[in-house]
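Structure file my_file-v8.cif with mmCIF, C-alpha atoms, pLDDT in the B column; chains and numbers go by the auth columns:
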data_query
#
loop_
_atom_site.group_PDB
_atom_site.id
_atom_site.type_symbol
_atom_site.label_atom_id
_atom_site.label_comp_id
_atom_site.label_asym_id
_atom_site.label_seq_id
_atom_site.Cartn_x
_atom_site.Cartn_y
_atom_site.Cartn_z
_atom_site.B_iso_or_equiv
_atom_site.auth_seq_id
_atom_site.auth_asym_id
ATOM 1 C CA MET A 1 -46.225 37.713 21.071 61.00 1 A
ATOM 2 C CA ILE A 2 -44.736 34.270 20.487 62.00 2 A
ATOM 3 C CA LEU A 3 -42.384 35.468 17.749 62.00 3 A
ATOM 4 C CA SER A 4 -40.970 38.280 19.863 63.00 4 A
ATOM 5 C CA ASN A 5 -40.105 35.882 22.670 63.00 5 A
ATOM 6 C CA SER A 6 -38.598 33.466 20.162 60.00 6 A
ATOM 7 C CA THR A 7 -36.459 36.109 18.514 63.00 7 A
ATOM 8 C CA PHE A 8 -35.141 37.749 21.665 65.00 8 A
ATOM 9 C CA LYS A 9 -35.034 34.832 24.075 65.00 9 A
ATOM 10 C CA LEU A 10 -34.261 31.611 22.180 64.00 10 A
ATOM 11 C CA GLN A 11 -30.738 32.751 21.381 64.00 11 A
ATOM 12 C CA TYR A 12 -30.101 32.900 25.121 63.00 12 A
ATOM 13 C CA THR A 13 -30.255 29.102 25.271 62.00 13 A
ATOM 14 C CA PHE A 14 -26.806 29.145 23.663 68.00 14 A
ATOM 15 C CA THR A 15 -25.197 32.043 25.499 64.00 15 A
ATOM 16 C CA PRO A 16 -24.644 30.309 28.879 64.00 16 A
ATOM 17 C CA SER A 17 -22.867 27.498 27.010 66.00 17 A
ATOM 18 C CA GLY A 18 -20.074 29.844 25.986 68.00 18 A
ATOM 19 C CA TYR A 19 -21.191 30.847 22.496 72.00 19 A
ATOM 20 C CA SER A 20 -20.720 34.412 21.359 73.00 20 A
ATOM 21 C CA THR A 21 -23.707 36.569 20.457 72.00 21 A
ATOM 22 C CA THR A 22 -23.019 36.012 16.757 77.00 22 A
ATOM 23 C CA GLN A 23 -22.744 32.242 17.158 77.00 23 A
ATOM 24 C CA ALA A 24 -25.924 32.132 19.223 75.00 24 A
ATOM 25 C CA SER A 25 -27.823 34.165 16.627 76.00 25 A
ATOM 26 C CA LEU A 26 -26.596 31.971 13.759 81.00 26 A
ATOM 27 C CA ARG A 27 -28.032 28.945 15.511 81.00 27 A
ATOM 28 C CA LEU A 28 -31.465 30.525 15.150 81.00 28 A
ATOM 29 C CA THR A 29 -31.152 30.293 11.354 87.00 29 A
ATOM 30 C CA PRO A 30 -33.298 27.111 11.211 88.00 30 A
ATOM 31 C CA PHE A 31 -36.149 29.087 12.784 87.00 31 A
ATOM 32 C CA ALA A 32 -36.008 31.659 9.963 87.00 32 A
ATOM 33 C CA ILE A 33 -35.706 28.953 7.300 92.00 33 A
ATOM 34 C CA GLY A 34 -38.609 27.041 8.805 91.00 34 A
ATOM 35 C CA THR A 35 -40.739 30.194 8.853 90.00 35 A
ATOM 36 C CA SER A 36 -40.191 30.724 5.119 93.00 36 A
ATOM 37 C CA ILE A 37 -40.832 27.097 4.190 94.00 37 A
ATOM 38 C CA GLY A 38 -43.884 26.786 6.433 92.00 38 A
ATOM 39 C CA SER A 39 -45.450 29.936 5.020 91.00 39 A
ATOM 40 C CA LEU A 40 -44.842 28.877 1.409 93.00 40 A
ATOM 41 C CA GLU A 41 -46.150 25.352 1.923 92.00 41 A
ATOM 42 C CA ALA A 42 -49.285 26.582 3.682 91.00 42 A
ATOM 43 C CA GLY A 43 -50.063 28.899 0.774 89.00 43 A
ATOM 44 C CA LEU A 44 -49.546 26.136 -1.785 91.00 44 A
ATOM 45 C CA ILE A 45 -51.744 23.705 0.141 90.00 45 A
ATOM 46 C CA ILE A 46 -54.589 26.209 0.484 86.00 46 A
ATOM 47 C CA ASN A 47 -54.335 27.100 -3.204 84.00 47 A
ATOM 48 C CA ALA A 48 -54.502 23.422 -4.163 86.00 48 A
ATOM 49 C CA THR A 49 -57.248 22.298 -1.791 85.00 49 A
ATOM 50 C CA GLY A 50 -59.222 25.446 -1.004 80.00 50 A
ATOM 51 C CA LYS A 51 -59.360 24.301 2.633 83.00 51 A
ATOM 52 C CA TYR A 52 -57.610 25.761 5.641 82.00 52 A
ATOM 53 C CA ASN A 53 -59.389 24.660 8.825 83.00 53 A
ATOM 54 C CA THR A 54 -57.453 21.440 9.370 85.00 54 A
ATOM 55 C CA LEU A 55 -54.296 23.050 8.001 88.00 55 A
ATOM 56 C CA GLY A 56 -54.513 25.873 10.545 85.00 56 A
ATOM 57 C CA GLN A 57 -54.739 23.401 13.401 86.00 57 A
ATOM 58 C CA THR A 58 -51.873 21.369 11.941 90.00 58 A
ATOM 59 C CA VAL A 59 -49.426 24.266 11.622 90.00 59 A
ATOM 60 C CA MET A 60 -50.270 25.524 15.103 86.00 60 A
ATOM 61 C CA LEU A 61 -49.758 22.030 16.501 88.00 61 A
ATOM 62 C CA THR A 62 -46.427 21.873 14.654 90.00 62 A
ATOM 63 C CA PHE A 63 -45.374 25.058 16.401 86.00 63 A
ATOM 64 C CA VAL A 64 -46.388 23.686 19.808 85.00 64 A
ATOM 65 C CA GLN A 65 -44.498 20.446 19.134 86.00 65 A
ATOM 66 C CA GLY A 66 -41.426 22.458 18.204 85.00 66 A
ATOM 67 C CA VAL A 67 -41.537 24.703 21.272 82.00 67 A
ATOM 68 C CA LEU A 68 -42.310 21.950 23.801 84.00 68 A
ATOM 69 C CA PRO A 69 -38.844 20.295 23.672 85.00 69 A
ATOM 70 C CA VAL A 70 -37.194 23.731 23.753 80.00 70 A
ATOM 71 C CA CYS A 71 -38.798 24.299 27.159 78.00 71 A
ATOM 72 C CA ALA A 72 -36.748 21.374 28.475 79.00 72 A
ATOM 73 C CA PHE A 73 -33.401 22.355 26.932 78.00 73 A
ATOM 74 C CA ARG A 74 -30.396 22.239 29.241 76.00 74 A
ATOM 75 C CA LEU A 75 -26.849 23.518 28.960 73.00 75 A
ATOM 76 C CA THR A 76 -25.800 20.028 27.848 77.00 76 A
ATOM 77 C CA THR A 77 -28.480 19.556 25.168 79.00 77 A
ATOM 78 C CA PRO A 78 -26.814 18.511 21.857 83.00 78 A
ATOM 79 C CA LEU A 79 -26.891 20.968 18.980 81.00 79 A
ATOM 80 C CA PHE A 80 -28.956 18.936 16.500 87.00 80 A
ATOM 81 C CA PRO A 81 -32.121 18.632 18.654 86.00 81 A
ATOM 82 C CA GLN A 82 -31.993 22.378 19.235 83.00 82 A
ATOM 83 C CA LEU A 83 -31.712 23.190 15.536 86.00 83 A
ATOM 84 C CA PHE A 84 -34.395 20.653 14.598 91.00 84 A
ATOM 85 C CA ASN A 85 -36.911 21.985 17.098 87.00 85 A
ATOM 86 C CA PHE A 86 -36.173 25.578 16.112 86.00 86 A
ATOM 87 C CA PHE A 87 -36.956 24.556 12.529 91.00 87 A
ATOM 88 C CA MET A 88 -40.200 22.879 13.619 90.00 88 A
ATOM 89 C CA ALA A 89 -41.277 25.941 15.597 87.00 89 A
ATOM 90 C CA GLY A 90 -40.434 28.211 12.658 88.00 90 A
ATOM 91 C CA SER A 91 -42.371 26.029 10.209 91.00 91 A
ATOM 92 C CA GLY A 92 -45.438 26.111 12.404 89.00 92 A
ATOM 93 C CA TYR A 93 -45.160 29.842 12.931 87.00 93 A
ATOM 94 C CA GLY A 94 -44.740 30.616 9.221 89.00 94 A
ATOM 95 C CA GLY A 95 -47.695 28.430 8.317 90.00 95 A
ATOM 96 C CA THR A 96 -49.789 30.121 10.975 87.00 96 A
ATOM 97 C CA LEU A 97 -49.088 33.575 9.551 85.00 97 A
ATOM 98 C CA THR A 98 -50.182 32.552 6.064 88.00 98 A
ATOM 99 C CA VAL A 99 -53.282 30.680 7.189 87.00 99 A
ATOM 100 C CA THR A 100 -54.396 33.519 9.453 84.00 100 A
ATOM 101 C CA LEU A 101 -54.044 36.140 6.730 84.00 101 A
ATOM 102 C CA LEU A 102 -55.885 34.043 4.148 83.00 102 A
ATOM 103 C CA VAL A 103 -58.655 33.156 6.590 81.00 103 A
ATOM 104 C CA LEU A 104 -59.357 36.836 7.162 80.00 104 A
ATOM 105 C CA ILE A 105 -59.298 37.564 3.429 79.00 105 A
ATOM 106 C CA PHE A 106 -61.675 34.690 2.646 77.00 106 A
ATOM 107 C CA SER A 107 -64.121 35.821 5.328 75.00 107 A
ATOM 108 C CA ALA A 108 -64.272 39.475 4.238 74.00 108 A
ATOM 109 C CA ASP A 109 -65.778 41.194 1.263 75.00 109 A
ATOM 110 C CA HIS A 110 -63.388 42.170 -1.510 72.00 110 A
ATOM 111 C CA SER A 111 -63.831 45.873 -0.735 74.00 111 A
ATOM 112 C CA GLU A 112 -62.549 45.246 2.792 75.00 112 A
ATOM 113 C CA HIS A 113 -59.405 43.287 1.909 74.00 113 A
ATOM 114 C CA ALA A 114 -57.085 46.272 2.298 79.00 114 A
ATOM 115 C CA VAL A 115 -58.487 47.055 5.733 82.00 115 A
ATOM 116 C CA ILE A 116 -58.290 43.420 6.811 78.00 116 A
ATOM 117 C CA THR A 117 -54.679 43.105 5.668 78.00 117 A
ATOM 118 C CA SER A 118 -53.721 46.307 7.483 81.00 118 A
ATOM 119 C CA ALA A 119 -55.450 45.088 10.635 79.00 119 A
ATOM 120 C CA THR A 120 -53.469 41.846 10.650 78.00 120 A
ATOM 121 C CA TYR A 121 -50.179 43.749 10.565 77.00 121 A
ATOM 122 C CA GLU A 122 -51.408 46.158 13.212 76.00 122 A
ATOM 123 C CA PHE A 123 -52.290 43.392 15.639 76.00 123 A
ATOM 124 C CA ARG A 124 -49.071 41.555 14.789 73.00 124 A
ATOM 125 C CA SER A 125 -46.978 44.602 15.686 73.00 125 A
ATOM 126 C CA LYS A 126 -48.953 45.176 18.877 73.00 126 A
ATOM 127 C CA GLY A 127 -48.566 41.524 19.765 70.00 127 A
ATOM 128 C CA SER A 128 -44.807 41.768 19.296 69.00 128 A
ATOM 129 C CA THR A 129 -44.612 44.736 21.642 72.00 129 A
ATOM 130 C CA ILE A 130 -46.822 43.123 24.256 73.00 130 A
ATOM 131 C CA GLY A 131 -45.005 39.808 23.919 68.00 131 A
ATOM 132 C CA THR A 132 -41.608 41.410 24.405 69.00 132 A
ATOM 133 C CA THR A 133 -42.861 43.244 27.487 72.00 133 A
ATOM 134 C CA ILE A 134 -44.419 40.151 29.040 71.00 134 A
ATOM 135 C CA GLY A 135 -41.419 37.956 28.258 69.00 135 A
ATOM 136 C CA SER A 136 -38.958 40.482 29.662 69.00 136 A
ATOM 137 C CA SER A 137 -41.035 40.972 32.813 73.00 137 A
ATOM 138 C CA ILE A 138 -41.209 37.241 33.470 69.00 138 A
ATOM 139 C CA PHE A 139 -37.505 36.820 32.778 69.00 139 A
ATOM 140 C CA ARG A 140 -36.451 39.687 35.037 69.00 140 A
ATOM 141 C CA ASN A 141 -38.740 38.685 37.895 72.00 141 A
ATOM 142 C CA VAL A 142 -37.629 35.046 37.889 65.00 142 A
ATOM 143 C CA LEU A 143 -33.949 35.949 37.627 64.00 143 A
ATOM 144 C CA GLY A 144 -34.622 38.229 40.560 60.00 144 A
ATOM 145 C CA LEU A 145 -31.693 39.144 42.782 50.00 145 A
ATOM 146 C CA ILE A 146 -28.959 38.572 40.222 56.00 146 A
ATOM 147 C CA TRP A 147 -29.511 42.116 39.032 55.00 147 A
ATOM 148 C CA ARG A 148 -26.167 42.603 37.282 56.00 148 A
ATOM 149 C CA LEU A 149 -26.678 39.463 35.220 58.00 149 A
ATOM 150 C CA ARG A 150 -30.266 40.506 34.596 53.00 150 A
ATOM 151 C CA GLU A 151 -29.295 43.910 33.241 54.00 151 A
ATOM 152 C CA MET A 152 -26.249 42.886 31.195 55.00 152 A
ATOM 153 C CA PHE A 153 -25.320 39.321 30.317 58.00 153 A
ATOM 154 C CA ASP A 154 -21.680 40.326 29.726 59.00 154 A
ATOM 155 C CA GLU A 155 -21.351 40.199 33.508 59.00 155 A
ATOM 156 C CA PHE A 156 -21.581 36.415 33.207 63.00 156 A
ATOM 157 C CA ASP A 157 -18.034 36.231 31.819 63.00 157 A
ATOM 158 C CA ARG A 158 -16.669 38.176 34.782 66.00 158 A
ATOM 159 C CA LEU A 159 -17.907 35.666 37.351 63.00 159 A
ATOM 160 C CA SER A 160 -15.630 33.137 39.003 64.00 160 A
ATOM 161 C CA GLU A 161 -15.897 29.527 37.842 66.00 161 A
ATOM 162 C CA VAL A 162 -17.724 28.587 41.034 64.00 162 A
ATOM 163 C CA TRP A 163 -20.434 31.187 40.532 68.00 163 A
ATOM 164 C CA LYS A 164 -20.549 30.915 36.757 66.00 164 A
ATOM 165 C CA GLY A 165 -22.183 27.477 36.863 67.00 165 A
ATOM 166 C CA LYS A 166 -24.769 28.559 39.425 69.00 166 A
ATOM 167 C CA ALA A 167 -25.540 31.719 37.483 69.00 167 A
ATOM 168 C CA ALA A 168 -25.936 29.736 34.259 70.00 168 A
ATOM 169 C CA PHE A 169 -28.489 27.405 35.843 72.00 169 A
ATOM 170 C CA ALA A 170 -30.384 30.363 37.330 72.00 170 A
ATOM 171 C CA TYR A 171 -30.362 32.034 33.929 72.00 171 A
ATOM 172 C CA MET A 172 -31.707 28.903 32.224 74.00 172 A
ATOM 173 C CA ASP A 173 -34.450 28.554 34.846 75.00 173 A
ATOM 174 C CA ALA A 174 -35.604 32.097 34.093 73.00 174 A
ATOM 175 C CA LEU A 175 -35.470 31.374 30.371 75.00 175 A
ATOM 176 C CA HIS A 176 -37.493 28.176 30.785 75.00 176 A
ATOM 177 C CA THR A 177 -40.213 30.146 32.549 78.00 177 A
ATOM 178 C CA VAL A 178 -40.495 32.468 29.548 77.00 178 A
ATOM 179 C CA LEU A 179 -40.589 29.518 27.142 77.00 179 A
ATOM 180 C CA TRP A 180 -43.324 27.777 29.128 80.00 180 A
ATOM 181 C CA ALA A 181 -45.379 30.971 28.964 78.00 181 A
ATOM 182 C CA GLU A 182 -44.790 31.010 25.208 76.00 182 A
ATOM 183 C CA LEU A 183 -45.936 27.393 24.970 77.00 183 A
ATOM 184 C CA GLU A 184 -49.134 28.215 26.839 79.00 184 A
ATOM 185 C CA LEU A 185 -49.846 30.977 24.332 78.00 185 A
ATOM 186 C CA GLY A 186 -49.324 28.456 21.535 76.00 186 A
ATOM 187 C CA VAL A 187 -51.783 26.014 23.103 81.00 187 A
ATOM 188 C CA LEU A 188 -54.313 28.833 23.497 81.00 188 A
ATOM 189 C CA ALA A 189 -53.857 29.778 19.834 76.00 189 A
ATOM 190 C CA PHE A 190 -54.399 26.140 18.840 77.00 190 A
ATOM 191 C CA GLN A 191 -57.678 26.111 20.748 79.00 191 A
ATOM 192 C CA CYS A 192 -58.730 29.249 18.880 77.00 192 A
ATOM 193 C CA TYR A 193 -57.981 27.536 15.558 72.00 193 A
ATOM 194 C CA THR A 194 -60.348 24.701 16.462 75.00 194 A
ATOM 195 C CA GLN A 195 -63.192 27.249 16.527 72.00 195 A
ATOM 196 C CA GLU A 196 -62.587 28.528 12.995 70.00 196 A
ATOM 197 C CA ARG A 197 -65.297 28.299 10.390 69.00 197 A
ATOM 198 C CA GLU A 198 -64.446 27.167 6.875 68.00 198 A
ATOM 199 C CA HIS A 199 -65.031 29.693 4.074 62.00 199 A
ATOM 200 C CA THR A 200 -65.042 28.870 0.384 64.00 200 A
ATOM 201 C CA GLN A 201 -61.953 29.864 -1.568 65.00 201 A
ATOM 202 C CA HIS A 202 -62.775 31.607 -4.845 59.00 202 A
ATOM 203 C CA LYS A 203 -60.491 31.811 -7.850 59.00 203 A
ATOM 204 C CA THR A 204 -61.676 35.209 -9.110 57.00 204 A
ATOM 205 C CA LEU A 205 -62.288 38.603 -7.522 54.00 205 A
ATOM 206 C CA ASP A 206 -66.034 38.369 -8.107 58.00 206 A
ATOM 207 C CA ARG A 207 -65.984 35.142 -6.044 56.00 207 A
ATOM 208 C CA LYS A 208 -67.098 32.750 -8.759 54.00 208 A
#

Encoded form (structure tokens):
Amino acid sequence: MILSNSTFKLQYTFTPSGYSTTQASLRLTPFAIGTSIGSLEAGLIINATGKYNTLGQTVMLTFVQGVLPVCAFRLTTPLFPQLFNFFMAGSGYGGTLTVTLLVLIFSADHSEHAVITSATYEFRSKGSTIGTTIGSSIFRNVLGLIWRLREMFDEFDRLSEVWKGKAAFAYMDALHTVLWAELELGVLAFQCYTQEREHTQHKTLDRK
């Protein structure tokens, strides 16, 4: 749910500032890079230590710390803080994916690993669909009466200069509401991680 909102909504923090769709999407690159690095590092740490409880809480907290400043972004926010926090959020998200998958594998019998892995992807895809629906509903309801801007952001460029500024602020307010909802989901996920039970990591398939 969090990823879907990040992918489809974070790029909109750049659009009211005059960036094209391509430029706005390119500025999400740190999120993708952070996701890859966070996932790889989490796997290496678990392989080296055999522990994941504290790591799971750490990566989820990293995600929350990355998203929190994004919730306060304005049209005048400098580029570097945006890129840095996107990277932080991506690192936390990537680490979370790896930790979650390995936790399920460690807690299940070897004969059930295929089912467990399939279930994680199933719930991830369902979460993406639900997250996109929730995020879009919040965004559309908050943006409210500006229906043309709500349906097609290209209408923003056709506004007069007087209305363009007001529309941009209204658009950012709607976006902030979605991001705060995303942050709340992250905090809830962090609380779930605190309830995890540690399972022993085995080096062989027969768990010896």

Exercise. Which residue gives the smallest distance to Val103 of chain A among A:Pro78, A:Gly43, A:Gly66, A:Gly34, with all atoms listed in the file counted?
Worked result: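 Nearest candidate to Val103 of chain A out of A:Pro78, A:Gly43, A:Gly66, A:Gly34: A:Gly43.
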
Exercise. Mind pulling up the distance from atom CA of Ser39 of chain A to atom CA of Thr98 of chain A?
Worked result: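 Those two atoms sit 5.5 Å apart.
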
Exercise. Between atom CA of Leu61 of chain A and atom CA of Tyr171 of chain A, what is the distance, to one decimal in Å?
Worked result: 27.9 Å

Exercise. Of the candidates A:Val99, A:Thr22, A:Tyr121, A:Val187, which shows the shortest atom-to-atom distance to Asn53 of chain A, using only C-alpha atoms?
Worked result: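 For Asn53 of chain A, the nearest of the given residues is A:Val99.
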
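Shortest atom-to-atom contact with Val64 of chain A among A:Phe31, A:Tyr93, A:Phe106, A:Phe169: A:Tyr93, counting all atoms listed in the file.
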
Using the file's own x, y and z axes, what box holds all listed atoms of segment 83-91 of chain A with 6 Å on each side, keeping edges along x, y and z, and what are its centre and edge lengths in Å to one decimal, as AutoDock Vina command-line options?
--center_x -37.0 --center_y 24.4 --center_z 13.7 --size_x 22.7 --size_y 19.6 --size_z 18.9

For this session: Give me, please, the distance in Å between atom CA of Thr129 of chain A and atom CA of Met88 of chain A, quoted to one decimal.
Result: 23.7 Å

Exercise. At a cut-off of 10 Å from (-50.9, 30.4, 19.3) in the coordinates of the file, what residues are picked up using all atoms listed in the file, written as an MDAnalysis selection string?
Worked result: chainID A and resid 1:2 57 59:61 63:64 92:93 96 182:193
